[in-house]
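Structure below is data.cif: mmCIF, C-alpha atoms.
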data_structure
loop_
_atom_site.label_atom_id
_atom_site.label_comp_id
_atom_site.auth_asym_id
_atom_site.auth_seq_id
_atom_site.Cartn_x
_atom_site.Cartn_y
_atom_site.Cartn_z
CA MET A 97 -45.17 15.47 -46.98
CA ARG A 98 -41.98 17.50 -46.52
CA ALA A 99 -44.01 20.62 -45.71
CA HIS A 100 -45.95 18.68 -43.08
CA LEU A 101 -42.72 17.43 -41.45
CA LEU A 102 -41.22 20.92 -41.36
CA GLY A 103 -44.39 22.24 -39.77
CA ALA A 104 -44.32 19.57 -37.10
CA LEU A 105 -40.65 20.32 -36.37
CA VAL A 106 -41.43 24.02 -35.86
CA VAL A 107 -44.26 23.16 -33.45
CA VAL A 108 -42.08 20.76 -31.41
CA THR A 109 -39.22 23.31 -31.25
CA ALA A 110 -41.56 26.07 -30.13
CA LEU A 111 -43.08 23.81 -27.49
CA GLY A 112 -39.63 22.93 -26.16
CA VAL A 113 -38.68 26.61 -25.88
CA ALA A 114 -41.93 27.37 -24.08
CA LEU A 115 -41.37 24.55 -21.58
CA LEU A 116 -37.82 25.69 -20.87
CA ALA A 117 -38.99 29.25 -20.36
CA GLY A 118 -41.50 28.01 -17.78
CA CYS A 119 -38.97 26.01 -15.72
CA PRO A 120 -38.44 27.66 -12.32
CA ARG A 121 -34.86 28.65 -11.56
CA PRO A 122 -33.43 27.13 -8.36
CA PRO A 123 -33.44 29.60 -5.45
CA GLU A 124 -30.22 31.55 -5.00
CA GLY A 125 -27.78 29.61 -2.88
CA GLU A 126 -29.43 26.20 -3.46
CA GLN A 127 -26.83 23.43 -3.73
CA VAL A 128 -27.57 21.50 -6.90
CA LEU A 129 -25.38 18.69 -5.62
CA GLY A 130 -27.91 18.10 -2.86
CA ARG A 131 -29.99 16.16 -5.39
CA PRO A 132 -27.31 14.51 -7.55
CA SER A 133 -29.57 11.69 -8.74
CA GLU A 134 -31.28 14.21 -11.02
CA LEU A 135 -27.98 14.87 -12.79
CA MET A 136 -26.68 11.34 -13.30
CA ASN A 137 -27.46 11.31 -17.03
CA GLU A 138 -25.96 14.74 -17.65
CA VAL A 139 -22.28 13.99 -18.23
CA PRO A 140 -20.38 17.09 -19.35
CA GLU A 141 -17.92 16.81 -22.23
CA ASN A 142 -15.43 19.39 -21.03
CA ALA A 143 -13.94 20.64 -17.79
CA ALA A 144 -15.79 23.98 -17.86
CA ALA A 145 -19.20 22.34 -18.21
CA GLU A 146 -18.22 19.75 -15.62
CA LYS A 147 -17.31 22.41 -13.07
CA GLU A 148 -20.59 24.24 -13.71
CA LEU A 149 -22.54 21.02 -13.19
CA THR A 150 -20.85 19.72 -10.05
CA GLY A 151 -19.35 22.82 -8.47
CA VAL A 152 -15.97 21.07 -8.28
CA GLU A 153 -13.69 20.85 -11.28
CA GLY A 154 -12.60 17.34 -12.21
CA THR A 155 -15.52 15.52 -10.55
CA ARG A 156 -18.65 13.69 -11.65
CA PRO A 157 -22.05 13.81 -9.92
CA TRP A 158 -22.39 11.15 -7.23
CA THR A 159 -25.00 10.31 -4.64
CA LEU A 160 -25.71 10.33 -0.93
CA THR A 161 -29.08 8.75 -0.13
CA SER A 162 -30.86 7.04 2.75
CA PRO A 163 -33.22 4.06 2.73
CA ALA A 164 -35.01 5.77 5.65
CA PHE A 165 -36.13 8.94 3.85
CA GLU A 166 -35.92 10.71 0.50
CA SER A 167 -34.08 14.01 0.10
CA GLY A 168 -36.49 16.80 0.96
CA ASP A 169 -38.79 14.53 2.98
CA THR A 170 -39.40 14.31 6.72
CA ILE A 171 -36.82 12.42 8.78
CA PRO A 172 -38.55 9.58 10.69
CA ALA A 173 -38.90 10.26 14.43
CA LYS A 174 -36.73 7.22 15.16
CA TYR A 175 -33.67 9.23 14.14
CA THR A 176 -34.58 12.27 16.27
CA GLU A 177 -34.55 13.21 19.94
CA ASP A 178 -38.25 12.33 20.00
CA GLY A 179 -37.51 8.72 19.09
CA GLU A 180 -34.50 6.45 19.54
CA ASP A 181 -32.08 9.27 18.65
CA VAL A 182 -29.89 6.99 16.52
CA SER A 183 -28.13 7.95 13.30
CA PRO A 184 -29.98 7.11 10.06
CA PRO A 185 -28.65 4.62 7.50
CA LEU A 186 -26.85 6.22 4.56
CA THR A 187 -25.82 4.94 1.14
CA PHE A 188 -22.92 6.23 -0.98
CA ALA A 189 -22.69 5.64 -4.74
CA ASP A 190 -20.47 6.65 -7.67
CA LEU A 191 -17.69 8.19 -5.58
CA PRO A 192 -14.85 9.94 -7.44
CA PRO A 193 -12.23 7.27 -8.31
CA ASP A 194 -9.33 9.13 -6.68
CA THR A 195 -11.01 9.51 -3.29
CA ALA A 196 -8.58 8.92 -0.40
CA GLU A 197 -10.95 9.59 2.51
CA LEU A 198 -14.60 10.40 3.18
CA ALA A 199 -15.91 12.93 5.69
CA LEU A 200 -19.48 13.74 6.69
CA ILE A 201 -21.21 16.64 8.44
CA CYS A 202 -24.86 16.82 9.49
CA HIS A 203 -25.88 20.41 10.14
CA ASP A 204 -29.07 22.37 10.82
CA PRO A 205 -28.75 25.83 9.23
CA ASP A 206 -32.16 26.87 10.58
CA ALA A 207 -31.34 26.55 14.29
CA PRO A 208 -31.90 29.76 16.31
CA ARG A 209 -28.19 30.14 16.92
CA GLU A 210 -25.59 31.98 14.89
CA GLY A 211 -24.01 29.54 12.47
CA GLY A 212 -26.71 26.91 12.97
CA TRP A 213 -26.44 23.66 14.93
CA THR A 214 -24.16 20.72 14.13
CA HIS A 215 -25.56 17.23 14.74
CA TRP A 216 -22.77 14.97 13.50
CA VAL A 217 -19.13 15.18 12.45
CA VAL A 218 -17.53 12.08 10.91
CA TYR A 219 -14.22 11.55 9.11
CA GLY A 220 -11.47 8.99 8.54
CA MET A 221 -13.83 6.85 6.46
CA ASP A 222 -12.33 4.61 3.79
CA PRO A 223 -13.51 5.29 0.22
CA SER A 224 -14.42 1.62 -0.16
CA LEU A 225 -17.42 2.18 2.13
CA GLN A 226 -20.75 2.00 0.35
CA GLY A 227 -22.60 3.66 3.20
CA LEU A 228 -23.22 3.64 6.94
CA PRO A 229 -25.67 1.45 8.86
CA GLU A 230 -28.08 3.06 11.28
CA ALA A 231 -27.23 3.55 14.96
CA ILE A 232 -23.49 4.25 14.69
CA PRO A 233 -22.08 4.11 18.26
CA SER A 234 -21.06 7.40 19.85
CA ASP A 235 -17.46 6.22 20.38
CA GLU A 236 -14.66 8.52 19.24
CA ARG A 237 -13.30 5.69 17.10
CA VAL A 238 -15.63 3.09 15.62
CA GLU A 239 -14.13 -0.14 14.32
CA GLU A 240 -16.96 -1.36 12.08
CA PRO A 241 -17.37 0.51 9.87
CA ALA A 242 -14.05 2.19 10.58
CA LEU A 243 -14.49 5.90 11.24
CA ILE A 244 -13.62 8.73 13.61
CA GLN A 245 -16.16 11.08 15.14
CA GLY A 246 -15.94 14.71 16.08
CA GLU A 247 -17.85 16.97 18.44
CA ASN A 248 -21.41 18.12 17.81
CA SER A 249 -22.94 21.38 19.04
CA TRP A 250 -23.95 19.75 22.32
CA GLY A 251 -20.26 19.29 23.01
CA GLU A 252 -20.66 15.51 22.70
CA THR A 253 -19.10 12.91 20.42
CA GLY A 254 -21.19 11.20 17.77
CA TYR A 255 -24.67 11.73 16.40
CA GLY A 256 -27.36 13.85 18.04
CA GLY A 257 -30.75 13.76 16.36
CA PRO A 258 -33.00 16.67 15.38
CA ALA A 259 -34.57 18.48 18.33
CA PRO A 260 -35.93 21.76 16.95
CA PRO A 261 -38.11 24.19 18.91
CA PRO A 262 -41.84 24.27 18.01
CA GLY A 263 -42.55 25.93 14.70
CA LYS A 264 -41.57 25.57 11.09
CA PRO A 265 -39.64 22.37 10.26
CA HIS A 266 -35.86 22.71 10.11
CA ARG A 267 -33.56 21.44 7.37
CA TYR A 268 -30.97 18.83 8.31
CA GLN A 269 -28.21 18.68 5.73
CA PHE A 270 -26.02 15.58 5.54
CA THR A 271 -23.02 16.58 3.41
CA LEU A 272 -20.52 13.94 2.34
CA TYR A 273 -17.06 15.01 1.15
CA ALA A 274 -14.70 13.02 -1.06
CA LEU A 275 -11.13 14.06 -0.26
CA SER A 276 -7.98 13.84 -2.33
CA GLU A 277 -5.79 12.87 0.64
CA ARG A 278 -6.15 11.49 4.14
CA LEU A 279 -6.55 14.02 6.94
CA ASN A 280 -5.04 12.06 9.85
CA LEU A 281 -7.15 14.01 12.33
CA ASP A 282 -7.58 13.06 15.98
CA PRO A 283 -11.07 12.43 17.36
CA GLY A 284 -13.16 15.32 18.66
CA VAL A 285 -12.75 18.02 16.01
CA THR A 286 -15.61 20.44 15.47
CA LYS A 287 -17.46 21.20 12.24
CA ASP A 288 -15.40 24.37 11.75
CA GLU A 289 -12.14 22.51 12.33
CA LEU A 290 -13.10 19.76 9.89
CA GLU A 291 -14.14 22.28 7.25
CA ALA A 292 -10.79 24.02 7.63
CA ALA A 293 -8.97 20.68 7.29
CA VAL A 294 -10.80 19.63 4.09
CA GLU A 295 -10.31 22.99 2.37
CA GLY A 296 -8.38 22.47 -0.85
CA ARG A 297 -8.79 18.69 -0.63
CA ILE A 298 -12.40 18.29 -1.77
CA ILE A 299 -12.74 16.49 -5.11
CA GLY A 300 -16.49 15.95 -4.80
CA GLN A 301 -19.40 16.34 -2.45
CA ALA A 302 -23.05 15.31 -2.21
CA MET A 303 -25.86 16.36 0.09
CA LEU A 304 -28.95 14.67 1.48
CA GLU A 305 -31.45 17.04 3.12
CA GLY A 306 -34.15 15.90 5.52
CA LEU A 307 -36.83 17.92 7.33
CA TYR A 308 -38.08 17.70 10.89
CA GLY A 309 -40.39 19.88 12.95
CA ARG A 310 -42.45 19.85 16.12
#
Can the structure in the file be given as structure tokens, please?
Amino acid sequence: MRAHLLGALVVVTALGVALLAGCPRPPEGEQVLGRPSELMNEVPENAAAEKELTGVEGTRPWTLTSPAFESGDTIPAKYTEDGEDVSPPLTFADLPPDTAELALICHDPDAPREGGWTHWVVYGMDPSLQGLPEAIPSDERVEEPALIQGENSWGETGYGGPAPPPGKPHRYQFTLYALSERLNLDPGVTKDELEAAVEGRIIGQAMLEGLYGR
């Protein structure tokens, strides 16, 4: 009996090694945090492992999702220039406990323009928010939910939906930042200005990526 058990253990171990060897490595530059739901059960036991897992020391994986589309799927036309051109609903979960403010950027890195194309810049959000409803007004300051909006690549305030040229679908990356302190920024800042302001204050981030093409 003992010999049979040892033999079974060797087979299982070998199978596990073979499966691991066959797992594809994520492409270089892929943000693992863009799909945090896959990591929710992997809680590191030390700071070094934690930093390797999340990319930010002292944070735990958390999620940015949408009831309108799954990460990696096509964004419904309703939320694009071809539809109603309103912002999609978003859901936040498991934010870092010491978050003082939330900021969000929606960016298309595939746009035929150096640096890509920015579709939405949002900040001044309270960490108690559990998400954003669809169709956020384009006002510089929105009262419910309370937030401040910056300038997109059209030079306008608020959300501008996907409007890619014909061809291969583009990626639209919604990145949510948890910040260690409030920014106290005025309305109308650009993506670059917001990224400069959050530098050194990010205690966690999550990304939701949608696709859209014509």
>> Quick check on the file I pasted: which residues fall under the PyMOL selection byres ((chain A and resi 278-289) around 8)? Write them as a ChimeraX atom specification.
In response: /A:196-197,201,214,217,220,236-237,244-248,253,275-277,290-294
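Restricting the calculation to all atoms listed in the file, the smallest distance between Pro260 in chain A and any of A:Pro241, A:Gly300, A:Gly309, A:Pro229 is found for A:Gly309.
CA of Thr176 in chain A is positioned 24.4 Å from CA of Gln301 in chain A.
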> CA of Met221 in chain A and CA of Gln269 in chain A, how far apart in Å?
Replying inline: 18.6 Å
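Closest approach to Glu180 in chain A among A:Ser249, A:Glu230, A:Ile299, A:Arg267 is made by A:Glu230 (distances from all atoms listed in the file).
Among A:Ala189, A:Pro172, A:Arg310, A:His266, the residue with the shortest atom-to-atom distance to Asp204 in chain A, counting all atoms listed in the file, is A:His266.
Distance-wise, CA of Ser162 in chain A and CA of Tyr308 in chain A end up 15.2 Å apart.
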> Of the candidates A:Leu225, A:Ala242, A:Leu307, A:Ile232, which one gets nearest to Ser167 in chain A if we count only C-alpha atoms?
Replying inline: A:Leu307
> Pro163 in chain A: which residues within 8 Å, counting all atoms listed in the file, same-chain residues fewer than 3 positions away excluded, as a VMD selection string?
Replying inline: chain A and resid 166 185 to 187
> So, counting all atoms listed in the file, which residue among A:Ile171, A:Met303, A:Leu198, A:Val182 is closest to Ser224 in chain A?
Replying inline: A:Leu198
> Which residue gives the smallest distance to Thr195 in chain A among A:Thr159, A:Glu240, A:Pro223, A:Ala259, with only C-alpha atoms counted?
Replying inline: A:Pro223
> If you count only C-alpha atoms, which residues fall within 9 Å of Lys174 in chain A, apart from same-chain ones fewer than 4 positions away, as a list in words?
Replying inline: Asp178, Gly179, Glu180, Asp181, Val182, Ser183, Pro184 and Gly257 of chain A
> Got a sec to resolve the PyMOL selection byres ((chain A and resi 168) around 6) on this structure and send the residues as a PyMOL selection string?
Replying inline: chain A and resi 167+169+305-306
